[in-house]
Each structure stands twice: as C-alpha cells, then as structure tokens.
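What follows is the content of entry.txt, which has compact mmCIF, C-alpha atoms:
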```
# COMPACT_ATOMS: atom_id res chain seq x y z
CA GLU I 1 -180.65 164.02 -84.80
CA ARG I 2 -181.90 167.39 -86.01
CA HIS I 3 -181.61 169.45 -89.23
CA GLY I 4 -179.53 166.72 -90.86
CA PHE I 5 -176.87 166.80 -88.10
CA LEU I 6 -176.10 164.67 -85.05
CA TRP I 7 -175.87 166.76 -81.86
CA ILE I 8 -174.03 164.81 -79.17
CA TRP I 9 -174.14 165.69 -75.47
CA MET I 10 -170.88 164.54 -73.86
CA GLY I 11 -171.91 165.10 -70.22
CA GLU I 12 -174.18 163.29 -67.81
CA PRO I 13 -177.42 162.16 -69.53
CA ALA I 14 -179.59 163.86 -66.92
CA ALA I 15 -177.99 167.21 -67.74
CA ALA I 16 -178.74 167.05 -71.46
CA ARG I 17 -181.11 169.77 -72.69
CA PRO I 18 -182.13 169.22 -76.33
CA GLU I 19 -184.30 172.34 -76.10
CA ALA I 20 -181.11 174.39 -75.71
CA LEU I 21 -180.09 173.63 -79.30
CA PRO I 22 -180.43 176.70 -81.54
CA ASP I 23 -183.26 176.64 -84.06
CA PHE I 24 -181.91 175.81 -87.51
CA SER I 25 -185.29 174.62 -88.84
CA PRO I 26 -185.02 176.55 -92.15
CA LEU I 27 -182.74 173.69 -93.23
CA ASP I 28 -185.81 171.43 -93.02
CA ALA I 29 -188.20 173.72 -94.90
CA GLY I 30 -188.35 172.47 -98.45
CA PRO I 31 -187.66 169.52 -100.73
CA GLU I 32 -184.61 167.29 -100.33
CA THR I 33 -183.36 168.56 -103.69
CA GLY I 34 -183.01 172.04 -102.18
CA VAL I 35 -180.63 171.14 -99.34
CA ALA I 36 -177.18 169.57 -99.37
CA HIS I 37 -174.49 168.56 -96.87
CA THR I 38 -170.74 168.12 -97.02
CA TYR I 39 -167.77 167.49 -94.72
CA MET I 40 -164.09 168.38 -94.59
CA HIS I 41 -161.28 167.39 -92.24
CA LEU I 42 -158.98 170.29 -91.31
CA LYS I 43 -155.49 170.21 -89.83
CA ALA I 44 -156.23 173.25 -87.68
CA HIS I 45 -157.69 174.31 -84.35
CA TYR I 46 -161.49 174.56 -84.41
CA GLU I 47 -161.63 178.25 -83.43
CA LEU I 48 -160.02 179.20 -86.73
CA VAL I 49 -163.20 178.02 -88.47
CA SER I 50 -165.18 180.59 -86.50
CA ASP I 51 -162.58 183.26 -87.32
CA ASN I 52 -162.94 182.48 -91.02
CA VAL I 53 -166.72 182.64 -91.18
CA MET I 54 -167.14 185.60 -88.82
CA ASP I 55 -164.66 187.77 -90.75
CA LEU I 56 -165.94 187.87 -94.32
CA SER I 57 -163.42 190.49 -95.42
CA HIS I 58 -161.51 187.44 -96.71
CA VAL I 59 -163.92 186.72 -99.57
CA ASP I 60 -162.43 189.24 -101.99
CA HIS I 61 -158.92 187.94 -101.31
CA VAL I 62 -159.35 184.18 -100.91
CA HIS I 63 -162.24 183.29 -103.21
CA GLY I 64 -162.53 183.63 -106.96
CA GLU I 65 -164.95 185.28 -109.35
CA ALA I 66 -168.00 183.37 -108.11
CA LEU I 67 -167.91 185.04 -104.67
CA THR I 68 -166.23 188.39 -105.29
CA THR I 69 -168.02 191.45 -103.93
CA ARG I 70 -166.00 193.75 -106.25
CA GLY I 71 -164.30 195.16 -103.15
CA GLN I 72 -167.60 196.40 -101.68
CA LEU I 73 -167.77 194.15 -98.59
CA SER I 74 -164.14 194.11 -97.47
CA PRO I 75 -163.95 197.71 -96.12
CA LEU I 76 -167.24 197.46 -94.21
CA ARG I 77 -167.37 197.09 -90.44
CA PRO I 78 -170.30 194.77 -89.73
CA ALA I 79 -173.22 195.63 -87.49
CA LEU I 80 -173.09 193.42 -84.40
CA ARG I 81 -175.72 191.75 -82.24
CA GLU I 82 -174.58 190.14 -78.99
CA GLY I 83 -176.25 187.93 -76.41
CA PRO I 84 -175.24 185.72 -73.47
CA ALA I 85 -174.36 182.90 -75.87
CA GLU I 86 -174.44 184.47 -79.34
CA VAL I 87 -172.51 186.87 -81.54
CA ALA I 88 -174.02 187.91 -84.87
CA ALA I 89 -172.56 190.10 -87.61
CA ARG I 90 -174.40 191.63 -90.57
CA TRP I 91 -173.16 193.29 -93.74
CA GLU I 92 -175.25 195.19 -96.31
CA TRP I 93 -173.92 196.56 -99.59
CA GLN I 94 -174.66 197.16 -103.28
CA GLN I 95 -172.58 195.94 -106.23
CA THR I 96 -172.56 195.61 -110.02
CA PRO I 97 -172.76 192.90 -111.21
CA PRO I 98 -174.24 190.96 -108.28
CA LEU I 99 -172.61 187.98 -106.61
CA GLN I 100 -172.05 185.48 -109.38
CA ILE I 101 -173.46 182.57 -107.39
CA LEU I 102 -176.86 184.32 -107.21
CA ALA I 103 -176.90 186.74 -110.18
CA PRO I 104 -178.35 184.23 -112.73
CA PHE I 105 -181.56 184.01 -110.71
CA LEU I 106 -182.21 187.77 -110.69
CA PRO I 107 -184.38 189.61 -113.26
CA HIS I 108 -181.33 191.55 -114.52
CA PRO I 109 -178.17 189.50 -113.81
CA ALA I 110 -175.72 192.15 -115.02
CA GLU I 111 -177.25 195.12 -113.21
CA SER I 112 -176.75 196.50 -109.71
CA ALA I 113 -178.33 194.70 -106.76
CA ARG I 114 -178.55 195.07 -102.99
CA HIS I 115 -176.90 192.34 -100.91
CA PHE I 116 -176.80 191.17 -97.31
CA ILE I 117 -174.91 188.55 -95.35
CA GLU I 118 -175.69 187.74 -91.73
CA VAL I 119 -173.67 185.27 -89.64
CA SER I 120 -174.68 184.12 -86.17
CA TRP I 121 -172.27 182.18 -83.93
CA THR I 122 -173.41 179.95 -81.07
CA PRO I 123 -171.02 178.01 -78.84
CA PRO I 124 -168.86 176.22 -79.17
CA ALA I 125 -168.42 176.57 -82.95
CA THR I 126 -171.68 176.57 -84.90
CA LEU I 127 -172.24 179.36 -87.40
CA GLN I 128 -175.42 180.08 -89.35
CA LEU I 129 -174.84 182.21 -92.45
CA SER I 130 -177.58 183.68 -94.63
CA VAL I 131 -176.81 185.49 -97.88
CA GLY I 132 -179.31 187.20 -100.16
CA VAL I 133 -179.54 189.56 -103.09
CA THR I 134 -182.39 191.57 -104.62
CA GLN I 135 -183.06 194.20 -107.25
CA GLN I 136 -186.37 195.19 -105.69
CA PRO I 137 -187.10 197.69 -102.89
CA GLY I 138 -188.01 196.25 -99.52
CA PRO I 139 -186.43 194.28 -96.68
CA LEU I 140 -183.08 192.55 -97.05
CA ASP I 141 -183.88 189.07 -95.79
CA LEU I 142 -184.36 185.60 -97.25
CA GLY I 143 -188.09 186.16 -97.49
CA HIS I 144 -187.51 188.97 -100.00
CA CYS I 145 -184.21 187.94 -101.64
CA ILE I 146 -182.71 185.27 -103.81
CA GLY I 147 -180.34 183.52 -101.46
CA GLN I 148 -179.37 180.62 -99.27
CA TYR I 149 -179.26 179.53 -95.64
CA ASP I 150 -176.04 177.80 -94.58
CA LEU I 151 -174.89 176.07 -91.42
CA HIS I 152 -171.19 175.61 -90.56
CA SER I 153 -170.33 173.44 -87.57
CA ALA I 154 -166.84 172.62 -86.31
CA THR I 155 -166.19 169.68 -83.99
CA PRO I 156 -162.72 169.57 -82.41
CA GLU I 157 -160.84 166.32 -82.99
CA THR I 158 -157.55 167.35 -81.36
CA ALA I 159 -155.88 170.68 -80.62
CA ASP I 160 -154.54 170.53 -84.17
CA SER I 161 -157.44 169.03 -86.15
CA THR I 162 -161.14 169.63 -86.70
CA HIS I 163 -164.18 167.99 -88.26
CA TYR I 164 -165.93 170.61 -90.40
CA PHE I 165 -169.59 169.92 -91.23
CA PHE I 166 -171.63 172.09 -93.62
CA ALA I 167 -175.21 172.30 -94.90
CA SER I 168 -176.85 174.67 -97.38
CA ARG I 169 -180.49 175.28 -98.34
CA ARG I 170 -181.41 177.68 -101.12
CA ASN I 171 -184.73 179.33 -102.05
CA HIS I 172 -184.26 178.97 -105.84
CA LEU I 173 -184.18 175.92 -108.15
CA GLU I 174 -185.28 173.91 -105.13
CA HIS I 175 -186.51 170.96 -107.20
CA ASP I 176 -183.43 170.60 -109.38
CA GLY I 177 -181.46 167.67 -107.98
CA ALA I 178 -178.67 167.92 -110.56
CA PHE I 179 -178.13 171.60 -109.73
CA ASN I 180 -178.15 170.72 -106.03
CA ALA I 181 -175.38 168.15 -106.50
CA ALA I 182 -173.29 170.49 -108.65
CA LYS I 183 -173.68 173.40 -106.21
CA ILE I 184 -172.57 171.48 -103.12
CA GLN I 185 -169.65 170.02 -105.05
CA ALA I 186 -168.56 173.53 -106.05
CA MET I 187 -168.89 174.76 -102.46
CA HIS I 188 -166.96 171.76 -101.14
CA GLN I 189 -164.21 172.43 -103.67
CA ALA I 190 -164.04 176.07 -102.57
CA PHE I 191 -163.59 174.98 -98.95
CA LEU I 192 -161.01 172.40 -99.97
CA THR I 193 -158.88 174.60 -102.21
CA GLU I 194 -159.47 178.12 -100.83
CA ASP I 195 -160.64 178.37 -97.19
CA GLY I 196 -159.04 175.13 -96.01
CA PRO I 197 -155.43 175.82 -97.07
CA VAL I 198 -155.59 179.32 -95.58
CA ILE I 199 -156.97 178.08 -92.26
CA GLU I 200 -154.38 175.30 -92.07
CA ALA I 201 -151.54 177.67 -92.97
CA VAL I 202 -152.65 180.13 -90.27
CA HIS I 203 -152.72 177.33 -87.70
CA ALA I 204 -149.24 176.16 -88.69
CA GLU I 205 -147.89 179.71 -88.53
CA MET I 206 -149.49 180.47 -85.14
CA GLY I 207 -147.99 177.40 -83.49
CA THR I 208 -150.49 177.73 -80.64
CA ALA I 209 -154.23 177.65 -80.03
CA ASP I 210 -153.93 180.65 -77.69
CA PHE I 211 -154.68 183.47 -80.14
CA PHE I 212 -154.42 186.34 -77.67
CA SER I 213 -151.00 185.20 -76.41
CA LEU I 214 -149.63 186.30 -79.78
CA ASN I 215 -150.51 189.95 -79.07
CA PRO I 216 -152.28 190.29 -82.43
CA VAL I 217 -152.71 193.59 -84.23
CA LEU I 218 -156.48 193.91 -84.61
CA MET I 219 -158.32 195.74 -87.39
CA SER I 220 -161.93 196.87 -87.56
CA ASN I 221 -162.92 193.83 -89.64
CA ASP I 222 -161.69 191.59 -86.78
CA ILE I 223 -164.40 192.79 -84.42
CA ALA I 224 -166.82 189.86 -84.85
CA PRO I 225 -164.33 186.97 -84.54
CA VAL I 226 -162.61 188.67 -81.59
CA LYS I 227 -165.98 189.05 -79.85
CA VAL I 228 -166.58 185.33 -80.48
CA ARG I 229 -163.20 184.33 -79.05
CA ARG I 230 -163.69 186.45 -75.93
CA LEU I 231 -167.20 185.13 -75.30
CA LEU I 232 -166.04 181.54 -75.80
CA GLN I 233 -163.21 182.10 -73.29
CA LYS I 234 -165.75 183.46 -70.80
CA LEU I 235 -168.10 180.49 -71.28
CA ILE I 236 -165.28 177.95 -70.93
CA ALA I 237 -164.04 179.64 -67.74
CA ALA I 238 -167.56 179.65 -66.28
CA GLU I 239 -168.01 175.97 -67.09
CA ALA I 240 -164.67 175.10 -65.50
CA ALA I 241 -165.53 177.09 -62.37
CA ALA I 242 -168.89 175.36 -62.06
CA ALA I 243 -167.22 171.94 -62.30
CA ARG I 244 -164.91 172.63 -59.33
```

Have the structure of the file written as structure tokens, please.
Amino acid sequence: ERHGFLWIWMGEPAAARPEALPDFSPLDAGPETGVAHTYMHLKAHYELVSDNVMDLSHVDHVHGEALTTRGQLSPLRPALREGPAEVAARWEWQQTPPLQILAPFLPHPAESARHFIEVSWTPPATLQLSVGVTQQPGPLDLGHCIGQYDLHSATPETADSTHYFFASRRNHLEHDGAFNAAKIQAMHQAFLTEDGPVIEAVHAEMGTADFFSLNPVLMSNDIAPVKVRRLLQKLIAAEAAAAR
C-alpha cells in the first residue's frame, strides 16, 4: 500500500520489487483534506485510458467551461521526454481568462496567466498529471504555480473493461474538507459524463484492442499516446520472450 493505492505484484513473490514503483510521494505531502480519491468502471480496453490522458487536445472538445483552454492548448505539439519505461509530455501556454478550475485562486482571476500541464506515463497504465497556472514570472512548476498533482491508474479487468482509479492533491485550500469533497465529486462527474462516454464509444467503434491494425491516420497531437502504445508493445514482447 503506497500513496493511497494498492500495488499488486501478480508474479512470483521472490521477483517482486517494491522499489521499482514510481515515486508518487507528492500525493502524501499535506493534510488529508488536500487529497481525494475516486474510482470509475469503464467498458473499454485499458490502453484507451492512456490515450485519453496523454492526448490533451481533447479538453477543448470534450470538457466544458471549467477546463477550456480557449483553444490555446489544442493546436500545440507537446514536448516529449522518453526513457526505457516512461513517456512524458508537456504543454505550456498562455490564456485569458485562466483555467476556470484554478483562476479563483490567482491574484487577478480574469486576467491572462501562464499555464503548464505535464503528464508522465509508466507501464502498464499509470499516468501522473500535474497542472499549474501563475501570473508571476519564474518557473512553471507546482512549486511556483497554483495547481494540482493527479494520478490516473488503469487496471485491466477484461479485454473490454477497465478499473479506473484516480487521486488528486492540490496546493491551495488544502485544509478545506468541504471544498475537497466538492472538487473530487466534480472531477468524478466529469469522468463519468465526459471522458468515460467518449472512451467507451471509441472502444465500441474500434471493435478490437489492436489499435495499429486499424491503420489509423495519425496527427501531430497523437505523438505522445502513440509513443506510449509502441513502448508498451515493446515491453510486453520483451516480457513474453523472457518467459519462454
């Protein structure tokens, strides 16, 4: 048990390496009233969760006023960082007014602000997303921005269904339990009524879990999720080869 999640090793006990778990300790840094968890069951293949979070061009089309970037994020090709078992994507932009979910906590909620979102994927389907906004000069990170640190984790149930776990810790109103409850309820509702139906509809339309067999037309905003899918394929193939 770590960071409010259960991490289960399905192989031989002697092969378990808890130290190999990514570090999501920011979820633990602060009062209980500043972190919240939720869960959703999806009728979709688990890799579609990674597609959804790694390609944030969807926010201006799927989500409502609370998350709109006023069309500023959608055209951007993210900066990528890749490792042997990680793909990360980062967006930076400026908009007026700022993201509605964070604007009330800024000095000037109606004025322009700089934004960033960074998402890091680790196998098989865990995604850490940080989002922040500031009206001050300086670095764009959670140490210098109003923002939040989220963890998305998808556990396959079947080829057609997924357990979707989520946690969020913010760096504002950390001691307000009522706000905490209202915020996670709003985020859960967004997943349930916005992301979830789209993901399930995509799965139903695909009719297969083999994305590349469909010969998809890829756009520049697809770069991060495609990198994730290709790395996951490589890791699964290596694991299968080692088991033979």

Counting all atoms listed in the file, which residues of stretch 80-126 of chain I sit at most 9 Å from some atom of stretch 155-163 of chain I, and what is each one's closest atom pair with its distance in Å to one decimal, listed by chain and rising residue number, as a tab-separated table?
```
residue	atom	partner	partner_atom	distance
I:Pro124	CA	I:Thr155	CA	8.6
I:Ala125	CA	I:Thr155	CA	7.3
I:Thr126	CA	I:Thr155	CA	8.9
```

Residue selection dump (C-alpha atoms) as a PDB file, keeping the file's coordinate frame:
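Saved as part_9.pdb:
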```pdb
ATOM      1  CA  PRO I 124    -168.860 176.220 -79.170  1.00  0.00           C
ATOM      2  CA  ALA I 125    -168.420 176.570 -82.950  1.00  0.00           C
ATOM      3  CA  THR I 126    -171.680 176.570 -84.900  1.00  0.00           C
TER       4      THR I 126
END
```

* For atom CA of I:His203 and atom CA of I:His45, determine how far apart the two atoms are, in Å to one decimal place. =>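 Going from atom CA of I:His203 over to atom CA of I:His45 covers 6.7 Å.
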
Using only C-alpha atoms, what table do you get, as a Markdown table, when you list each residue of stretch 68-158 of chain I with an atom no more than 10 Å from stretch 227-232 of chain I, its nearest pair of atoms, and their distance in Å rounded to one decimal, rows by chain then rising number?
```
| residue | atom | partner | partner_atom | distance |
| --- | --- | --- | --- | --- |
| I:Leu80 | CA | I:Lys227 | CA | 9.5 |
| I:Glu82 | CA | I:Lys227 | CA | 8.7 |
| I:Gly83 | CA | I:Leu231 | CA | 9.5 |
| I:Pro84 | CA | I:Leu231 | CA | 8.3 |
| I:Ala85 | CA | I:Leu231 | CA | 7.5 |
| I:Glu86 | CA | I:Val228 | CA | 8.0 |
| I:Val87 | CA | I:Val228 | CA | 6.2 |
| I:Ala88 | CA | I:Val228 | CA | 9.0 |
| I:Ser120 | CA | I:Val228 | CA | 10.0 |
| I:Trp121 | CA | I:Val228 | CA | 7.4 |
| I:Thr122 | CA | I:Val228 | CA | 8.7 |
| I:Pro123 | CA | I:Leu232 | CA | 6.8 |
| I:Pro124 | CA | I:Leu232 | CA | 6.9 |
| I:Ala125 | CA | I:Leu232 | CA | 9.0 |
```

Near stretch 99-107 of chain I, within 7 Å and counting all atoms listed in the file, which residues show up once chain neighbours fewer than 6 positions away are dropped, as a PDB file with C-alpha atoms, in the coordinates of the input?
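Resulting contents of part.pdb:
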```pdb
ATOM      1  CA  ALA I  66    -168.000 183.370-108.110  1.00  0.00           C
ATOM      2  CA  LEU I  67    -167.910 185.040-104.670  1.00  0.00           C
ATOM      3  CA  THR I  68    -166.230 188.390-105.290  1.00  0.00           C
ATOM      4  CA  THR I  69    -168.020 191.450-103.930  1.00  0.00           C
ATOM      5  CA  ILE I 146    -182.710 185.270-103.810  1.00  0.00           C
ATOM      6  CA  GLY I 147    -180.340 183.520-101.460  1.00  0.00           C
TER       7      GLY I 147
END
```

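Distances here use only C-alpha atoms; by that measure, the residue among I:Ala44, I:Leu21, I:Val35, I:Ile8 closest to I:Glu205 is I:Ala44.
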
* Counting only C-alpha atoms, find the residues whose atoms lie at most 12 Å from (-156.1, 180.6, -91.8) (file coordinates) and write them out as a ChimeraX atom specification. => /I:42-53,55,58,62,191,194-206

* Asked: Pick from I:Gln148, I:Gln189, I:Asp28, I:Ala15: nearest to I:Arg2, with only C-alpha atoms counted?
  ->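 Nearest to I:Arg2: I:Asp28.
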